[in-house]
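Down below is the structure, laid out as structure tokens.
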Amino acid sequence: MTTFRPKFSPSRRTLLKGTGAMFAGLTLLPRFSLAEEEKKLNLYNWDTYIGETTLADFTAATGVEAKMDLFADNDELFAKLKGGNPGYDVIVPTNDMLERMIKANMVMPLDHAKIPNMANIDKPFQDAAFDPGRKHSIPYMWGTLGVGYRKSKVEGGVVDSWKILLDSDKYAGRLSLLGDAQNVIGVALKYLGHSFNSVDAAELKKAEDLLIAQKKYVKVFADDNGQDLLASGEVDVCQEWNGDIIQVMAEDEDIAYAVPTEGSLVWQDTMAIPTGAPHPENAHAFLNFVLDAKAGAHIADTIKFATANAGAKAIMDKSYTENTSIFPPAEIVAKCEPGLYLGEEATKVRDEIWTRVQAA
């Protein structure tokens with residue numbers, strides 16, 4: 001699987017209702033001068049992965065009616081657009097999927113002159129190996145994949161290794177893993193001391209054997225709802241995305257999040273304009289809007305992932321900017337790797353491993 005990022009539980013879809021009235025702090029946002037183009041924008045995004053009032057605020061600032069459809073993972077996004085763009089102006093692929101789409105000519109080059117707020121992009125994100133020069137994308141959010149857990153249920157109240165999920169019977173029937181190949185196989189490889197992106201047959205076989213042996217202790221391979229299982233008490237430990245766990249941490253002080261010392265995945269979600277976008281001028285205006293400091297701060301404050309918008313971060317509260325679950329220490333990030341697009345053959349190999357793990 002391409003890296004699946006991770007968003008909120010379906011119950012959080014209510015954040016998207018009544019978006020017109022909630023965030024008054026954007027009153028100073030400039031109105032954008034748009035070319036003569038139908039005043040519509042169609043966004044294809046992860047579930048509840050935007051500010052509570054972002055779309056309504058964009059409409060107020062530009063006069064462009066913004067609508068959003070949802071996809072569940074990067075594979076669904078790719079499949080939807082592979083045969084041709086059905087009408088989307090802006091999409092939100094993760095870094096490895098963006099790289100795949102660039103190679104397949106599925107996204108358009110950006111006109112940076114139409115996105116002056118690119119000046120707000122934090123220095124580490126101004127360039128990217130998967131999109132040199134940010135020719136096709138702007139950074140949106142970034143984060144880590146780690147372990148969510150109940151402090152009262154784990155030994156010592158602290159988790160520091162993938163062992164608790166991948167190589168132990170201590171929490172048999174009380175743990176969950178994500179339901180996708182790339183990220184489960186990737187962390188198994190990290191636990192074993194290998195690269196998250198390894199294509200070495202022997203290393204992959206060890207990861208496969210580890211997962212097959214552990215499967216009998218796994219309650220469920222969760223479709224990105226490990227945080228809900230943790231919050232409801234159905235599991236005590238889970239593999240999940242930092243932002244999802246941070247959301248339930250805010251509601252339950254017994255829940256915590258950790259990036260294991262072996263390292264993990266560090267991901268970056270992007271915004272891009274798909275080839276054939278019906279409203280490319282409006283799309284550029286939306287990317288510029290998202291990179292506005294106040295708009296970016298509102299998004300980050302809503303969804304609790306790490307923003308790549310330095311302007312937004314500069315005006316946000318320390319409870320966000322100094323939260324190590326959102327912005328892990330540099331020494332932890334140094335042990336993490338971005339997910340790479342390894343090519344069709346490598347993807348097929350991992351899918352075959354995943355099939356055997358699920359059938360075991």
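Chain labels run A, B, ... following the order of the structure tokens; each chain numbers its residues from 1, and ligands are numbered from 1 in the order shown.
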Original post:
Hey, what's within 8 Å of region 273-281 of chain A if we count only C-alpha atoms and toss same-chain stuff fewer than 3 positions away? As a ChimeraX atom specification, please?
Top reply: /A:34-35,37-38,40-41,84-85,87-91,105-110,136-137,284-285
Suppose we keep C-alpha atoms; can you now write the selection as a short mmCIF file (atom, residue, chain, number, x, y, z; two decimals), in the first residue's frame?
data_model
loop_
_atom_site.label_atom_id
_atom_site.label_comp_id
_atom_site.auth_asym_id
_atom_site.auth_seq_id
_atom_site.Cartn_x
_atom_site.Cartn_y
_atom_site.Cartn_z
CA LEU A 34 -9.26 35.16 -9.97
CA ALA A 35 -9.38 34.79 -13.70
CA GLU A 37 -13.50 30.80 -14.32
CA GLU A 38 -16.56 29.04 -12.96
CA LYS A 40 -16.32 26.30 -8.04
CA LEU A 41 -13.65 24.16 -6.42
CA GLY A 84 -8.86 10.29 -15.98
CA ASN A 85 -9.80 13.13 -13.66
CA GLY A 87 -13.64 16.60 -11.91
CA TYR A 88 -11.31 17.31 -8.98
CA ASP A 89 -9.28 20.49 -8.65
CA VAL A 90 -7.17 19.74 -5.58
CA ILE A 91 -6.08 16.38 -4.14
CA ASN A 105 1.68 12.53 -15.37
CA MET A 106 -1.40 12.61 -13.14
CA VAL A 107 -0.65 15.99 -11.51
CA MET A 108 -0.01 19.42 -13.03
CA PRO A 109 3.04 21.63 -12.50
CA LEU A 110 2.21 24.55 -10.22
CA HIS A 136 3.97 19.84 -8.34
CA SER A 137 2.93 20.20 -4.70
CA HIS A 284 -4.08 27.75 -7.16
CA ALA A 285 -6.10 30.20 -5.07
#
**OP:** List the neighbours of Asp351 (chain A) out to 10 Å using only C-alpha atoms; skip same-chain residues closer than 6 positions along the sequence, and give me the result as a PyMOL selection string.
**Re:** chain A and resi 1+180-182+185+345+357
Would you output that residue set with N, CA and C atoms, as an mmCIF file, in the first residue's frame?
data_model
loop_
_atom_site.group_PDB
_atom_site.id
_atom_site.type_symbol
_atom_site.label_atom_id
_atom_site.label_comp_id
_atom_site.auth_asym_id
_atom_site.auth_seq_id
_atom_site.Cartn_x
_atom_site.Cartn_y
_atom_site.Cartn_z
ATOM 1 N N MET A 1 0.830 -1.177 0.000
ATOM 2 C CA MET A 1 0.000 0.000 0.000
ATOM 3 C C MET A 1 0.866 1.228 0.000
ATOM 4 N N ASP A 180 -3.017 -2.400 6.496
ATOM 5 C CA ASP A 180 -2.401 -2.242 5.180
ATOM 6 C C ASP A 180 -0.989 -2.794 5.169
ATOM 7 N N ALA A 181 -0.548 -3.162 3.981
ATOM 8 C CA ALA A 181 0.726 -3.845 3.811
ATOM 9 C C ALA A 181 1.923 -2.947 4.093
ATOM 10 N N GLN A 182 1.953 -1.789 3.457
ATOM 11 C CA GLN A 182 3.150 -0.951 3.505
ATOM 12 C C GLN A 182 3.566 -0.617 4.930
ATOM 13 N N ILE A 185 4.262 -3.973 7.326
ATOM 14 C CA ILE A 185 5.521 -4.595 6.924
ATOM 15 C C ILE A 185 6.679 -3.638 7.198
ATOM 16 N N GLU A 345 6.793 -3.480 -9.040
ATOM 17 C CA GLU A 345 7.209 -4.824 -8.664
ATOM 18 C C GLU A 345 7.367 -4.943 -7.152
ATOM 19 N N VAL A 357 0.121 -13.159 5.067
ATOM 20 C CA VAL A 357 -0.071 -12.849 6.486
ATOM 21 C C VAL A 357 -1.558 -12.919 6.835
#
Subject >> Computed interatomic separation between CA of Ile315 (chain A) and CA of Met141 (chain A) (Å) >> reply: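 So the answer is 16.5 Å.
When CA of Leu177 (chain A) is paired with CA of Gln239 (chain A), their separation reads 5.0 Å.
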Subject >> Contact residues around Leu175 (chain A) with only C-alpha atoms at 10 Å, ignoring same-chain residues under 6 positions, as an MDAnalysis selection string >> reply: chainID A and resid 148:149 164:166 169 217:222 226 229:230 234:239
Subject >> Among listed residues A:Thr302, A:Ser195, A:Asn117, A:Ser319, nearest Ile50 (chain A) (using only C-alpha atoms) >> reply: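 Among the listed residues, the smallest separation from Ile50 (chain A) belongs to A:Thr302.
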**OP:** Write down as a VMD selection string the residues belonging to region 21-225 of chain A that are assigned strand (DSSP E or B) by DSSP computed on the backbone.
**Re:** chain A and resid 40 to 46 65 to 71 90 to 91 94 107 121 138 to 150 175 to 178 218 to 222
Subject >> Point-to-point distance from CA of Asp254 (chain A) to CA of Leu211 (chain A), Å rounded to tenths >> reply: 27.9 Å
Original post:
When distances are computed from only C-alpha atoms, which of A:Ala231, A:Thr347, A:Lys163, A:Tyr44 shows the smallest separation from Lys80 (chain A)?
Top reply: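 Closest to Lys80 (chain A) of all the choices is A:Tyr44.
For the set A:Val333, A:Leu145, A:Ile115, A:Val349, the residue with the smallest atom-to-atom gap to Val184 (chain A) is A:Leu145, counting only C-alpha atoms.
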Original post:
If you count only C-alpha atoms, which residues fall within 12 Å of Lys205 (chain A), apart from same-chain ones fewer than 2 positions away, as a PyMOL selection string?
Top reply: chain A and resi 185+188-189+192+194+198-203+207-212+349-350+352-354+356-357
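For region 200-242 of chain A, backbone-based DSSP assignment of helix (DSSP H, G or I) covers Ala201, Ala202, Glu203, Leu204, Lys205, Lys206, Ala207, Glu208, Asp209, Leu210, Leu211, Ile212, Ala213, Gln214, Lys215, Lys216, Tyr217, Gly226, Gln227, Asp228, Leu229, Leu230, Ala231, Ser232 and Asn242 of chain A.
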Can you spit out the residues from that selection as an mmCIF file, in the first residue's frame, using N, CA and C atoms?
data_model
loop_
_atom_site.group_PDB
_atom_site.id
_atom_site.type_symbol
_atom_site.label_atom_id
_atom_site.label_comp_id
_atom_site.auth_asym_id
_atom_site.auth_seq_id
_atom_site.Cartn_x
_atom_site.Cartn_y
_atom_site.Cartn_z
ATOM 1 N N ALA A 201 14.962 -9.453 -0.286
ATOM 2 C CA ALA A 201 14.076 -10.609 -0.139
ATOM 3 C C ALA A 201 14.228 -11.274 1.222
ATOM 4 N N ALA A 202 15.460 -11.408 1.703
ATOM 5 C CA ALA A 202 15.688 -12.068 2.994
ATOM 6 C C ALA A 202 15.111 -11.237 4.137
ATOM 7 N N GLU A 203 15.280 -9.926 4.071
ATOM 8 C CA GLU A 203 14.737 -9.059 5.119
ATOM 9 C C GLU A 203 13.218 -9.077 5.107
ATOM 10 N N LEU A 204 12.640 -9.066 3.933
ATOM 11 C CA LEU A 204 11.185 -9.122 3.822
ATOM 12 C C LEU A 204 10.645 -10.451 4.339
ATOM 13 N N LYS A 205 11.373 -11.532 4.112
ATOM 14 C CA LYS A 205 10.933 -12.844 4.600
ATOM 15 C C LYS A 205 10.925 -12.867 6.124
ATOM 16 N N LYS A 206 11.924 -12.246 6.750
ATOM 17 C CA LYS A 206 11.955 -12.187 8.213
ATOM 18 C C LYS A 206 10.771 -11.384 8.748
ATOM 19 N N ALA A 207 10.454 -10.297 8.071
ATOM 20 C CA ALA A 207 9.303 -9.486 8.488
ATOM 21 C C ALA A 207 8.010 -10.280 8.332
ATOM 22 N N GLU A 208 7.890 -11.007 7.234
ATOM 23 C CA GLU A 208 6.704 -11.835 7.015
ATOM 24 C C GLU A 208 6.563 -12.886 8.103
ATOM 25 N N ASP A 209 7.645 -13.578 8.417
ATOM 26 C CA ASP A 209 7.608 -14.616 9.459
ATOM 27 C C ASP A 209 7.222 -14.025 10.809
ATOM 28 N N LEU A 210 7.756 -12.840 11.111
ATOM 29 C CA LEU A 210 7.436 -12.171 12.379
ATOM 30 C C LEU A 210 5.941 -11.870 12.456
ATOM 31 N N LEU A 211 5.372 -11.348 11.391
ATOM 32 C CA LEU A 211 3.955 -10.975 11.394
ATOM 33 C C LEU A 211 3.047 -12.197 11.445
ATOM 34 N N ILE A 212 3.423 -13.243 10.756
ATOM 35 C CA ILE A 212 2.609 -14.469 10.799
ATOM 36 C C ILE A 212 2.610 -15.050 12.209
ATOM 37 N N ALA A 213 3.773 -15.038 12.853
ATOM 38 C CA ALA A 213 3.854 -15.555 14.222
ATOM 39 C C ALA A 213 3.039 -14.713 15.194
ATOM 40 N N GLN A 214 2.973 -13.409 14.953
ATOM 41 C CA GLN A 214 2.280 -12.502 15.868
ATOM 42 C C GLN A 214 0.785 -12.439 15.618
ATOM 43 N N LYS A 215 0.350 -12.846 14.447
ATOM 44 C CA LYS A 215 -1.041 -12.632 14.050
ATOM 45 C C LYS A 215 -2.052 -13.195 15.046
ATOM 46 N N LYS A 216 -1.752 -14.320 15.659
ATOM 47 C CA LYS A 216 -2.724 -14.937 16.574
ATOM 48 C C LYS A 216 -2.998 -14.083 17.805
ATOM 49 N N TYR A 217 -2.140 -13.113 18.072
ATOM 50 C CA TYR A 217 -2.332 -12.244 19.231
ATOM 51 C C TYR A 217 -3.026 -10.926 18.865
ATOM 52 N N GLY A 226 -7.845 2.489 14.989
ATOM 53 C CA GLY A 226 -7.214 2.004 16.214
ATOM 54 C C GLY A 226 -7.425 2.945 17.372
ATOM 55 N N GLN A 227 -7.482 4.255 17.085
ATOM 56 C CA GLN A 227 -7.700 5.220 18.156
ATOM 57 C C GLN A 227 -9.065 5.033 18.802
ATOM 58 N N ASP A 228 -10.065 4.649 18.006
ATOM 59 C CA ASP A 228 -11.397 4.424 18.559
ATOM 60 C C ASP A 228 -11.424 3.156 19.411
ATOM 61 N N LEU A 229 -10.720 2.129 18.954
ATOM 62 C CA LEU A 229 -10.631 0.893 19.731
ATOM 63 C C LEU A 229 -9.936 1.150 21.062
ATOM 64 N N LEU A 230 -8.921 1.986 21.025
ATOM 65 C CA LEU A 230 -8.192 2.337 22.243
ATOM 66 C C LEU A 230 -9.081 3.161 23.175
ATOM 67 N N ALA A 231 -9.773 4.125 22.626
ATOM 68 C CA ALA A 231 -10.624 4.994 23.439
ATOM 69 C C ALA A 231 -11.771 4.233 24.081
ATOM 70 N N SER A 232 -12.305 3.244 23.369
ATOM 71 C CA SER A 232 -13.442 2.476 23.892
ATOM 72 C C SER A 232 -13.024 1.356 24.831
ATOM 73 N N ASN A 242 0.014 9.629 14.685
ATOM 74 C CA ASN A 242 0.110 10.482 15.865
ATOM 75 C C ASN A 242 -1.092 11.400 16.044
#
Original post:
Between A:Gly339, A:Pro260, A:Ala295, A:Tyr140, which is the closest to Thr307 (chain A) once you count only C-alpha atoms?
Top reply: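 Going through A:Gly339, A:Pro260, A:Ala295, A:Tyr140 one by one, the smallest distance to Thr307 (chain A) is for A:Tyr140.
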**OP:** Choose the residue, out of A:Glu331, A:Ala283, A:Gly143, A:Gly173, that has the smallest atom-to-atom separation from Ala306 (chain A); count only C-alpha atoms.
**Re:** A:Gly143
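Using only C-alpha atoms, the shortest contact distance between Asp224 (chain A) and any of A:Tyr320, A:Tyr191, A:Trp241, A:Trp142 is found at A:Trp241.
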